[in-house]
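S.K.: Have a peek at entry_3.cif (mmCIF, C-alpha atoms).
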```cif
data_query
#
loop_
_atom_site.group_PDB
_atom_site.id
_atom_site.type_symbol
_atom_site.label_atom_id
_atom_site.label_comp_id
_atom_site.auth_asym_id
_atom_site.auth_seq_id
_atom_site.Cartn_x
_atom_site.Cartn_y
_atom_site.Cartn_z
ATOM 1 C CA MET A 1 113.945 96.880 160.827
ATOM 2 C CA ILE A 2 114.422 94.660 163.895
ATOM 3 C CA GLY A 3 115.005 91.682 161.594
ATOM 4 C CA ILE A 4 117.690 93.578 159.679
ATOM 5 C CA ILE A 5 119.421 94.505 162.944
ATOM 6 C CA ILE A 6 119.369 90.903 164.206
ATOM 7 C CA TYR A 7 120.824 89.674 160.910
ATOM 8 C CA THR A 8 123.467 92.424 160.730
ATOM 9 C CA PHE A 9 124.712 91.907 164.287
ATOM 10 C CA ARG A 10 124.024 88.156 164.522
ATOM 11 C CA ASP A 11 127.688 87.352 165.170
ATOM 12 C CA SER A 12 128.006 90.007 167.881
ATOM 13 C CA ALA A 13 125.335 88.794 170.321
ATOM 14 C CA GLY A 14 127.925 87.051 172.508
ATOM 15 C CA PRO A 15 130.244 90.065 172.965
ATOM 16 C CA ILE A 16 127.267 92.393 173.479
ATOM 17 C CA TRP A 17 125.791 90.133 176.177
ATOM 18 C CA ALA A 18 129.221 89.789 177.834
ATOM 19 C CA GLN A 19 129.529 93.586 178.036
ATOM 20 C CA LEU A 20 125.977 93.960 179.380
ATOM 21 C CA LYS A 21 126.807 91.582 182.246
ATOM 22 C CA LYS A 22 129.710 93.852 183.222
ATOM 23 C CA THR A 23 127.381 96.835 183.702
ATOM 24 C CA THR A 24 127.494 97.929 187.342
ATOM 25 C CA PRO A 25 124.473 99.091 189.411
ATOM 26 C CA ALA A 26 126.133 102.520 189.671
ATOM 27 C CA VAL A 27 125.956 102.912 185.885
ATOM 28 C CA ILE A 28 122.271 101.931 185.826
ATOM 29 C CA ILE A 29 121.498 104.404 188.625
ATOM 30 C CA GLY A 30 123.443 107.119 186.787
ATOM 31 C CA ILE A 31 121.485 106.479 183.590
ATOM 32 C CA CYS A 32 118.170 106.702 185.470
ATOM 33 C CA LEU A 33 119.187 109.948 187.197
ATOM 34 C CA MET A 34 120.237 111.546 183.918
ATOM 35 C CA THR A 35 116.968 110.661 182.222
ATOM 36 C CA LEU A 36 115.021 112.048 185.194
ATOM 37 C CA ILE A 37 116.918 115.349 184.919
ATOM 38 C CA TYR A 38 116.117 115.380 181.192
ATOM 39 C CA HIS A 39 112.412 115.150 182.001
ATOM 40 C CA VAL A 40 112.665 117.827 184.689
ATOM 41 C CA VAL A 41 114.088 120.248 182.093
ATOM 42 C CA GLU A 42 111.466 119.137 179.569
ATOM 43 C CA GLY A 43 108.799 119.827 182.180
ATOM 44 C CA LEU A 44 110.261 123.279 182.798
ATOM 45 C CA ILE A 45 110.022 124.039 179.055
ATOM 46 C CA THR A 46 106.368 122.969 179.003
ATOM 47 C CA THR A 47 105.695 125.085 182.087
ATOM 48 C CA ILE A 48 107.203 128.225 180.525
ATOM 49 C CA LEU A 49 105.030 127.799 177.423
ATOM 50 C CA ALA A 50 101.866 126.832 179.303
ATOM 51 C CA LYS A 51 102.156 129.815 181.676
ATOM 52 C CA GLN A 52 101.718 132.126 178.688
ATOM 53 C CA TYR A 53 98.089 130.936 178.607
ATOM 54 C CA GLN A 54 97.467 129.620 182.112
ATOM 55 C CA PRO A 55 99.461 131.439 184.866
ATOM 56 C CA SER A 56 98.430 128.837 187.458
ATOM 57 C CA PHE A 57 100.223 126.057 185.557
ATOM 58 C CA THR A 58 103.033 124.802 187.832
ATOM 59 C CA CYS A 59 106.429 123.241 187.227
ATOM 60 C CA GLY A 60 105.189 120.047 188.900
ATOM 61 C CA MET A 61 102.446 119.849 186.272
ATOM 62 C CA GLY A 62 105.036 120.327 183.517
ATOM 63 C CA ILE A 63 107.256 117.510 184.816
ATOM 64 C CA THR A 64 104.223 115.259 185.260
ATOM 65 C CA ASN A 65 103.202 116.041 181.687
ATOM 66 C CA ALA A 66 106.672 115.092 180.389
ATOM 67 C CA LEU A 67 106.563 111.676 182.113
ATOM 68 C CA TYR A 68 102.891 111.219 181.237
ATOM 69 C CA CYS A 69 103.793 111.657 177.556
ATOM 70 C CA SER A 70 106.749 109.261 177.900
ATOM 71 C CA PHE A 71 104.328 106.494 178.869
ATOM 72 C CA TYR A 72 102.133 107.071 175.819
ATOM 73 C CA ARG A 73 105.178 107.473 173.587
ATOM 74 C CA VAL A 74 106.066 103.835 174.263
ATOM 75 C CA ALA A 75 102.478 102.553 174.531
ATOM 76 C CA THR A 76 101.631 103.942 171.071
ATOM 77 C CA LEU A 77 105.145 103.693 169.520
ATOM 78 C CA GLY A 78 105.426 107.449 169.301
ATOM 79 C CA SER A 79 102.075 108.305 167.727
ATOM 80 C CA GLY A 80 100.135 109.110 170.897
ATOM 81 C CA SER A 81 102.503 111.277 172.925
ATOM 82 C CA GLY A 82 101.261 114.492 171.298
ATOM 83 C CA VAL A 83 97.624 113.600 171.910
ATOM 84 C CA ALA A 84 98.458 112.790 175.536
ATOM 85 C CA ALA A 85 100.211 116.150 175.961
ATOM 86 C CA ILE A 86 97.278 118.097 174.504
ATOM 87 C CA TYR A 87 94.809 116.175 176.673
ATOM 88 C CA TYR A 88 96.857 116.765 179.844
ATOM 89 C CA LEU A 89 97.316 120.472 179.108
ATOM 90 C CA ASN A 90 93.603 120.896 178.453
ATOM 91 C CA GLU A 91 92.833 119.177 181.756
ATOM 92 C CA HIS A 92 94.974 121.838 183.461
ATOM 93 C CA GLY A 93 93.509 124.971 181.932
ATOM 94 C CA VAL A 94 95.132 125.255 178.487
ATOM 95 C CA THR A 95 92.479 125.020 175.740
ATOM 96 C CA TYR A 96 92.792 122.407 172.994
ATOM 97 C CA GLY A 97 93.676 125.001 170.354
ATOM 98 C CA GLN A 98 96.318 126.588 172.568
ATOM 99 C CA ALA A 99 97.653 123.183 173.658
ATOM 100 C CA PHE A 100 97.908 121.975 170.055
ATOM 101 C CA GLY A 101 99.878 125.052 169.004
ATOM 102 C CA LEU A 102 102.015 124.842 172.137
ATOM 103 C CA TYR A 103 102.893 121.190 171.584
ATOM 104 C CA MET A 104 103.671 121.625 167.882
ATOM 105 C CA LEU A 105 105.955 124.580 168.592
ATOM 106 C CA GLN A 106 107.611 122.733 171.476
ATOM 107 C CA TYR A 107 108.337 119.836 169.132
ATOM 108 C CA ALA A 108 109.668 122.255 166.487
ATOM 109 C CA PHE A 109 111.984 123.851 169.083
ATOM 110 C CA HIS A 110 113.120 120.338 170.059
ATOM 111 C CA LYS A 111 114.015 119.493 166.448
ATOM 112 C CA ILE A 112 115.840 122.805 165.996
ATOM 113 C CA SER A 113 117.821 122.118 169.170
ATOM 114 C CA ILE A 114 118.840 118.635 167.978
ATOM 115 C CA ALA A 115 120.270 120.128 164.784
ATOM 116 C CA LEU A 116 122.046 122.949 166.655
ATOM 117 C CA PHE A 117 123.457 120.519 169.234
ATOM 118 C CA SER A 118 124.818 118.226 166.540
ATOM 119 C CA LEU A 119 126.364 121.144 164.643
ATOM 120 C CA LEU A 120 127.948 122.569 167.793
ATOM 121 C CA PHE A 121 129.556 119.332 169.001
ATOM 122 C CA PHE A 122 130.535 118.255 165.493
ATOM 123 C CA ALA A 123 132.411 121.566 165.193
ATOM 124 C CA VAL A 124 134.028 121.191 168.644
ATOM 125 C CA SER A 125 135.210 117.659 167.742
ATOM 126 C CA TRP A 126 135.786 118.397 164.042
ATOM 127 C CA GLU A 127 139.116 116.618 163.497
ATOM 128 C CA TYR A 128 138.090 113.582 165.531
ATOM 129 C CA MET A 129 134.672 113.289 163.838
ATOM 130 C CA TRP A 130 135.952 113.784 160.311
ATOM 131 C CA LEU A 131 138.728 111.226 160.868
ATOM 132 C CA HIS A 132 136.248 108.513 161.861
ATOM 133 C CA PHE A 133 133.047 109.445 159.999
ATOM 134 C CA GLU A 134 134.007 111.100 156.741
ATOM 135 C CA ASP A 135 132.080 108.378 154.897
ATOM 136 C CA TYR A 136 128.843 109.449 156.640
ATOM 137 C CA ALA A 137 128.925 113.002 155.267
ATOM 138 C CA GLY A 138 126.060 112.356 152.819
ATOM 139 C CA LEU A 139 123.822 110.786 155.461
ATOM 140 C CA LEU A 140 124.613 113.586 157.883
ATOM 141 C CA ALA A 141 123.592 116.180 155.293
ATOM 142 C CA ALA A 142 120.371 114.232 154.664
ATOM 143 C CA GLY A 143 119.660 114.187 158.406
ATOM 144 C CA TYR A 144 120.035 117.962 158.616
ATOM 145 C CA VAL A 145 117.855 118.537 155.537
ATOM 146 C CA ILE A 146 115.085 116.293 156.882
ATOM 147 C CA THR A 147 115.237 118.009 160.280
ATOM 148 C CA VAL A 148 114.993 121.466 158.660
ATOM 149 C CA VAL A 149 112.073 120.401 156.444
ATOM 150 C CA ILE A 150 110.153 118.868 159.379
ATOM 151 C CA THR A 151 110.754 121.944 161.510
ATOM 152 C CA LEU A 152 109.632 124.367 158.795
ATOM 153 C CA CYS A 153 106.478 122.314 158.151
ATOM 154 C CA LEU A 154 105.665 122.276 161.868
ATOM 155 C CA ILE A 155 106.109 126.036 162.213
ATOM 156 C CA LEU A 156 104.061 126.713 159.064
ATOM 157 C CA PHE A 157 101.333 124.356 160.255
ATOM 158 C CA CYS A 158 101.237 126.172 163.584
ATOM 159 C CA CYS A 159 101.027 129.761 162.448
ATOM 160 C CA SER A 160 100.771 130.217 158.659
ATOM 161 C CA ALA A 161 97.328 131.189 157.330
ATOM 162 C CA GLY A 162 98.575 130.545 153.788
ATOM 163 C CA PHE A 163 99.711 127.031 154.675
ATOM 164 C CA HIS A 164 96.333 126.346 156.293
ATOM 165 C CA LYS A 165 94.599 127.634 153.167
ATOM 166 C CA ILE A 166 96.446 125.091 151.013
ATOM 167 C CA ILE A 167 95.543 122.297 153.441
ATOM 168 C CA PHE A 168 91.850 123.204 153.373
ATOM 169 C CA ILE A 169 91.797 123.443 149.571
ATOM 170 C CA VAL A 170 92.939 119.814 149.495
ATOM 171 C CA LEU A 171 90.486 118.791 152.232
ATOM 172 C CA GLU A 172 87.551 120.523 150.510
ATOM 173 C CA PHE A 173 88.423 118.734 147.270
ATOM 174 C CA VAL A 174 88.421 115.384 149.086
ATOM 175 C CA ASN A 175 85.166 116.302 150.842
ATOM 176 C CA ALA A 176 83.494 117.180 147.544
ATOM 177 C CA LYS A 177 84.501 113.791 146.120
ATOM 178 C CA ALA A 178 83.084 112.141 149.263
ATOM 179 C CA LYS A 179 79.757 114.033 148.854
ATOM 180 C CA ASN A 180 80.274 116.269 151.907
ATOM 181 C CA ARG A 181 80.834 113.350 154.271
ATOM 182 C CA PHE A 182 83.576 115.214 156.131
ATOM 183 C CA GLY A 183 82.002 118.685 156.138
ATOM 184 C CA MET A 184 81.483 118.894 159.920
ATOM 185 C CA MET A 185 84.955 117.552 160.679
ATOM 186 C CA ILE A 186 86.564 120.096 158.334
ATOM 187 C CA ALA A 187 84.606 122.927 159.947
ATOM 188 C CA GLN A 188 85.791 121.853 163.401
ATOM 189 C CA LEU A 189 89.360 121.516 162.134
ATOM 190 C CA ARG A 190 89.193 124.990 160.590
ATOM 191 C CA GLU A 191 88.098 126.432 163.932
ATOM 192 C CA GLN A 192 90.889 124.615 165.767
ATOM 193 C CA CYS A 193 93.481 125.780 163.213
ATOM 194 C CA ASP A 194 92.380 129.400 163.659
ATOM 195 C CA MET A 195 92.818 129.039 167.426
ATOM 196 C CA MET A 196 96.187 127.313 166.982
ATOM 197 C CA GLU A 197 97.357 130.009 164.562
ATOM 198 C CA ASP A 198 96.547 132.779 167.044
ATOM 199 C CA ALA A 199 98.133 130.846 169.933
ATOM 200 C CA SER A 200 101.334 130.081 167.999
ATOM 201 C CA LYS A 201 101.816 133.651 166.795
ATOM 202 C CA TYR A 202 101.324 134.807 170.369
ATOM 203 C CA LEU A 203 104.199 132.548 171.521
ATOM 204 C CA LEU A 204 106.549 133.306 168.636
ATOM 205 C CA LYS A 205 106.373 137.045 169.325
ATOM 206 C CA ARG A 206 108.251 136.424 172.588
ATOM 207 C CA ARG A 207 111.712 136.083 171.085
ATOM 208 C CA ALA A 208 113.615 136.075 174.367
ATOM 209 C CA MET A 209 111.418 133.248 175.616
ATOM 210 C CA VAL A 210 111.958 131.281 172.387
ATOM 211 C CA ALA A 211 115.748 131.689 172.663
ATOM 212 C CA GLY A 212 115.610 130.575 176.298
ATOM 213 C CA ILE A 213 113.562 127.490 175.400
ATOM 214 C CA ILE A 214 116.029 126.466 172.688
ATOM 215 C CA GLY A 215 118.818 126.892 175.264
ATOM 216 C CA LEU A 216 116.946 124.676 177.737
ATOM 217 C CA ASN A 217 116.422 122.087 174.990
ATOM 218 C CA ILE A 218 120.165 121.982 174.326
ATOM 219 C CA LEU A 219 120.742 121.606 178.080
ATOM 220 C CA LYS A 220 118.322 118.682 178.382
ATOM 221 C CA LEU A 221 119.917 116.935 175.379
ATOM 222 C CA CYS A 222 123.262 117.015 177.219
ATOM 223 C CA PHE A 223 121.860 114.614 179.818
ATOM 224 C CA TRP A 224 120.673 112.071 177.249
ATOM 225 C CA TYR A 225 123.614 112.369 174.884
ATOM 226 C CA ALA A 226 126.089 111.936 177.756
ATOM 227 C CA ILE A 227 124.566 108.597 178.832
ATOM 228 C CA PRO A 228 127.002 106.506 176.723
ATOM 229 C CA TYR A 229 129.896 108.214 178.513
ATOM 230 C CA LEU A 230 128.809 106.535 181.762
ATOM 231 C CA ILE A 231 129.222 103.204 179.984
ATOM 232 C CA PHE A 232 132.476 103.978 178.147
ATOM 233 C CA HIS A 233 134.152 105.856 181.015
ATOM 234 C CA ALA A 234 135.542 102.710 182.631
ATOM 235 C CA GLU A 235 137.230 101.780 179.348
ATOM 236 C CA ASN A 236 138.810 105.260 179.013
ATOM 237 C CA ALA A 237 138.089 104.953 175.316
ATOM 238 C CA ILE A 238 136.593 108.336 174.476
ATOM 239 C CA ALA A 239 136.164 111.871 175.851
ATOM 240 C CA LEU A 240 132.823 113.315 176.983
ATOM 241 C CA HIS A 241 132.487 115.893 174.179
ATOM 242 C CA GLU A 242 133.324 113.208 171.610
ATOM 243 C CA VAL A 243 130.645 110.908 173.074
ATOM 244 C CA MET A 244 128.028 113.650 172.833
ATOM 245 C CA ALA A 245 129.120 114.531 169.290
ATOM 246 C CA ILE A 246 128.754 110.915 168.112
ATOM 247 C CA THR A 247 125.473 110.340 169.975
ATOM 248 C CA SER A 248 123.940 113.490 168.498
ATOM 249 C CA LEU A 249 125.178 112.397 165.081
ATOM 250 C CA SER A 250 123.544 108.979 165.504
ATOM 251 C CA VAL A 251 120.225 110.624 166.419
ATOM 252 C CA MET A 252 120.429 112.832 163.328
ATOM 253 C CA LEU A 253 121.193 109.895 161.043
ATOM 254 C CA ALA A 254 118.536 107.676 162.626
ATOM 255 C CA ALA A 255 115.954 110.323 161.668
ATOM 256 C CA VAL A 256 116.700 109.514 158.006
ATOM 257 C CA ILE A 257 115.347 105.977 158.564
ATOM 258 C CA PRO A 258 111.546 105.869 159.035
ATOM 259 C CA ALA A 259 110.744 103.711 162.072
ATOM 260 C CA PRO A 260 108.082 103.994 164.810
ATOM 261 C CA ALA A 261 109.554 105.949 167.765
ATOM 262 C CA GLY A 262 113.022 105.351 166.267
ATOM 263 C CA ILE A 263 112.914 101.710 167.419
ATOM 264 C CA GLY A 264 115.568 99.755 165.559
ATOM 265 C CA SER A 265 116.938 102.675 163.547
ATOM 266 C CA THR A 266 118.486 104.376 166.579
ATOM 267 C CA GLU A 267 120.139 101.160 167.804
ATOM 268 C CA PHE A 268 121.386 100.341 164.306
ATOM 269 C CA VAL A 269 123.037 103.728 163.694
ATOM 270 C CA PHE A 270 124.263 104.077 167.297
ATOM 271 C CA THR A 271 125.960 100.667 167.243
ATOM 272 C CA SER A 272 127.438 101.209 163.773
ATOM 273 C CA LEU A 273 129.014 104.550 164.698
ATOM 274 C CA PHE A 274 130.360 103.654 168.144
ATOM 275 C CA SER A 275 131.665 100.262 167.014
ATOM 276 C CA GLU A 276 134.241 102.186 164.968
ATOM 277 C CA ILE A 277 135.604 103.563 168.252
ATOM 278 C CA VAL A 278 134.980 101.096 171.098
ATOM 279 C CA GLY A 279 134.261 97.800 169.345
ATOM 280 C CA MET A 280 131.037 95.993 168.519
ATOM 281 C CA GLY A 281 130.435 94.372 171.921
ATOM 282 C CA LEU A 282 130.674 97.577 173.961
ATOM 283 C CA ALA A 283 128.829 99.644 171.341
ATOM 284 C CA GLY A 284 125.961 97.138 171.152
ATOM 285 C CA SER A 285 125.544 96.949 174.919
ATOM 286 C CA ALA A 286 125.662 100.767 175.142
ATOM 287 C CA SER A 287 122.907 101.077 172.521
ATOM 288 C CA LEU A 288 120.643 98.783 174.569
ATOM 289 C CA LEU A 289 121.372 100.697 177.788
ATOM 290 C CA TYR A 290 120.753 103.982 175.952
ATOM 291 C CA ARG A 291 117.383 102.658 174.793
ATOM 292 C CA PHE A 292 116.589 101.625 178.364
ATOM 293 C CA GLY A 293 117.474 105.077 179.687
ATOM 294 C CA THR A 294 115.671 107.113 177.040
ATOM 295 C CA PHE A 295 112.688 104.857 176.337
ATOM 296 C CA VAL A 296 111.990 102.080 178.848
ATOM 297 C CA PHE A 297 112.768 103.778 182.168
ATOM 298 C CA PRO A 298 110.703 106.940 181.385
ATOM 299 C CA PHE A 299 107.873 104.618 180.322
ATOM 300 C CA LEU A 300 107.957 102.824 183.684
ATOM 301 C CA VAL A 301 107.954 106.085 185.653
ATOM 302 C CA GLY A 302 105.266 107.446 183.342
ATOM 303 C CA ALA A 303 103.134 104.358 183.966
ATOM 304 C CA VAL A 304 103.100 105.200 187.673
ATOM 305 C CA ILE A 305 102.118 108.790 186.798
ATOM 306 C CA VAL A 306 99.293 107.638 184.505
ATOM 307 C CA VAL A 307 97.920 105.224 187.130
ATOM 308 C CA GLY A 308 98.100 107.985 189.748
ATOM 309 C CA CYS A 309 96.265 110.441 187.476
ATOM 310 C CA ARG A 310 93.565 107.859 186.765
ATOM 311 C CA ILE A 311 93.066 107.104 190.437
ATOM 312 C CA LYS A 312 92.981 110.802 191.303
ATOM 313 C CA ALA A 313 90.381 111.410 188.609
ATOM 314 C CA GLY A 314 88.296 108.482 189.920
ATOM 315 C CA LYS A 315 88.601 106.529 186.635
ATOM 316 C CA LYS A 316 89.355 102.898 186.012
ATOM 317 C CA VAL A 317 93.022 102.153 185.373
#
```
Show how you would write the structure in this file as structure tokens.
M.R.:
Amino acid sequence: MIGIIIYTFRDSAGPIWAQLKKTTPAVIIGICLMTLIYHVVEGLITTILAKQYQPSFTCGMGITNALYCSFYRVATLGSGSGVAAIYYLNEHGVTYGQAFGLYMLQYAFHKISIALFSLLFFAVSWEYMWLHFEDYAGLLAAGYVITVVITLCLILFCCSAGFHKIIFIVLEFVNAKAKNRFGMMIAQLREQCDMMEDASKYLLKRRAMVAGIIGLNILKLCFWYAIPYLIFHAENAIALHEVMAITSLSVMLAAVIPAPAGIGSTEFVFTSLFSEIVGMGLAGSASLLYRFGTFVFPFLVGAVIVVGCRIKAGKKV
């Protein structure tokens, strides 16, 4: 993916670098502040969910968890952030089964919010978006379909006994072929799934809380999706709601391309869409700054959090 990007934009490296050099310290500070606010809201969402099981769970713990996961998201290219979240929650009084269900539902709510955000701002900027991106209609539809499928699978995996039954039929078949090599692991997984099912149903019954969490997710996305506006504002090239509409669209389309933690796919789609509006140089530099704000900076702050947690626990860093 990175190779394809380098080849595709090989003639634009000069203009992109020239635009990056124009970036002021105020813009960098603004990007960092917006990503910190994003993680504060994310931490608040985790806190609301965790308090359903552990009333002593604080907002500070939720924010720490959000940054803690950001470190492992980069360190494992996306695959370890969920494990880190479940581990942290368990360390603070939420059992593994509850934490697993909580995290899966939180991720499902996040995906639902991305789709709703994109729909909302696409509708608000309908004429502008259709004028510039009519050719992307098929990819946009694919992005929505994939998001819906992922979300439904996550919700079913969290709370559907029937879905679990199908999974265990497959696992038992594999175990029989392997001469009961995985029997103990399947038994432990069955126990954890029962706990997760109960925990997830318990959360989903609180409809007002679920609606509030989706609202908070949409709020937090505003701070990430508005980051490019800080970069484009000086050029007066595009309005804030149009920036957020295009950024949310790029995130939806990038989900169609399988890539670890969205590395490469996000930059590719982001640059392609914004180059139609502001030119390749400015769009390319904005995609790199967006990656810094949403990926690198949270990782650096999260690294400090992880080191602090290790020291506090008396473990080796």
S.K.: Running the PyMOL selection byres ((chain A and resi 52) around 10) on this model by hand, what would come out? Give it as an MDAnalysis selection string.
M.R.: chainID A and resid 47:51 53:57 94 98 102 199 202:203 206
S.K.: How would you write, as JSON, numbers by chain, the residues chosen by the PyMOL selection byres ((chain A and resi 62) around 8) on this structure?
M.R.: {"A": [42, 43, 44, 45, 46, 47, 57, 58, 59, 60, 61, 63, 64, 65, 66]}
S.K.: Report, in Å with one decimal, the straight-line distance from CA of Ala142 in chain A to CA of Leu253 in chain A.
M.R.: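 According to the coordinates, CA of Ala142 in chain A and CA of Leu253 in chain A are separated by 7.8 Å.
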S.K.: Identify, on the basis of all atoms listed in the file, every residue whose closest approach to Phe109 in chain A does not exceed 8 Å; exclude the query and any residue fewer than 6 positions from it along the same chain; express the result as a list in words.
M.R.: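 Residues near the query, excluding close chain neighbours: Thr151, Ile213, Ile214 and Asn217 of chain A.
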S.K.: Hey, what comes out of the PyMOL selection byres ((chain A and resi 105) around 9) on this file? Could you write it as a list in words?
M.R.: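 Taken on the displayed file, the PyMOL selection byres ((chain A and resi 105) around 9) yields the residues Phe100, Gly101, Leu102, Tyr103, Met104, Gln106, Tyr107, Ala108, Phe109, His110, Thr151, Leu154, Ile155, Cys158, Ser200, Leu203 and Leu204 of chain A.
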S.K.: Can you tell me, as a PyMOL selection string, what residues are no more than 6 Å from range 221-236 of chain A when counting only C-alpha atoms, ignoring any on the same chain fewer than 3 positions away?
M.R.: chain A and resi 34+38+218+244+247
S.K.: Could the residues in this selection be written to a file with C-alpha atoms, as a PDB file, in the coordinates of the input?
M.R.:
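Written output follows (out_34.pdb):
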```pdb
ATOM      1  CA  MET A  34     120.237 111.546 183.918  1.00  0.00           C
ATOM      2  CA  TYR A  38     116.117 115.380 181.192  1.00  0.00           C
ATOM      3  CA  ILE A 218     120.165 121.982 174.326  1.00  0.00           C
ATOM      4  CA  MET A 244     128.028 113.650 172.833  1.00  0.00           C
ATOM      5  CA  THR A 247     125.473 110.340 169.975  1.00  0.00           C
TER       6      THR A 247
END
```
S.K.: Report, in Å with one decimal, the straight-line distance from CA of Phe299 in chain A to CA of Ser275 in chain A.
M.R.: 27.6 Å
S.K.: Looking at A:Ile238, A:Tyr290, A:Pro25, A:Gly302, which one is nearest to Val278 in chain A, with distances taken over all atoms listed in the file?
M.R.: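 Closest to Val278 in chain A, using all atoms listed in the file: A:Ile238.
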S.K.: Might you pull out every residue within 6 Å of range 282-287 of chain A, with only C-alpha atoms counted and same-chain residues fewer than 6 positions away left off, and present them as a list in words?
M.R.: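 Within the cut-off, the hits are Ile16, Gln19, Leu20, Glu267, Thr271, Phe274 and Ser275 of chain A.
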S.K.: Taking (126.0, 115.7, 165.7) in the file's coordinates, which residues come within 7 Å, counting only C-alpha atoms, written as a tab-separated table (two decimals) with C-alpha atoms, in the coordinates of the input?
M.R.:
```
chain	number	residue	atom	x	y	z
A	117	PHE	CA	123.46	120.52	169.23
A	118	SER	CA	124.82	118.23	166.54
A	119	LEU	CA	126.36	121.14	164.64
A	121	PHE	CA	129.56	119.33	169.00
A	122	PHE	CA	130.54	118.26	165.49
A	245	ALA	CA	129.12	114.53	169.29
A	246	ILE	CA	128.75	110.92	168.11
A	247	THR	CA	125.47	110.34	169.98
A	248	SER	CA	123.94	113.49	168.50
A	249	LEU	CA	125.18	112.40	165.08
A	252	MET	CA	120.43	112.83	163.33
```
S.K.: Could you check which of A:Phe292, A:Cys309, A:His92, A:Leu216 is closest to His39 in chain A, using only C-alpha atoms?
M.R.: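 Closest candidate: A:Leu216.
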S.K.: What gap, in Å, lies between CA of Val301 in chain A and CA of Tyr87 in chain A?
M.R.: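 These two atoms are separated by 18.8 Å.
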S.K.: Looking at A:Cys69, A:Arg181, A:Val170, A:Ser125, which one is nearest to Val83 in chain A, with distances taken over all atoms listed in the file?
M.R.: A:Cys69
S.K.: For a quick check of understanding, using only C-alpha atoms, which of A:Phe173, A:Tyr136, A:Tyr96, A:Tyr144 has the smallest distance to Asp194 in chain A?
M.R.: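 Counting only C-alpha atoms, the residue closest to Asp194 in chain A is A:Tyr96.
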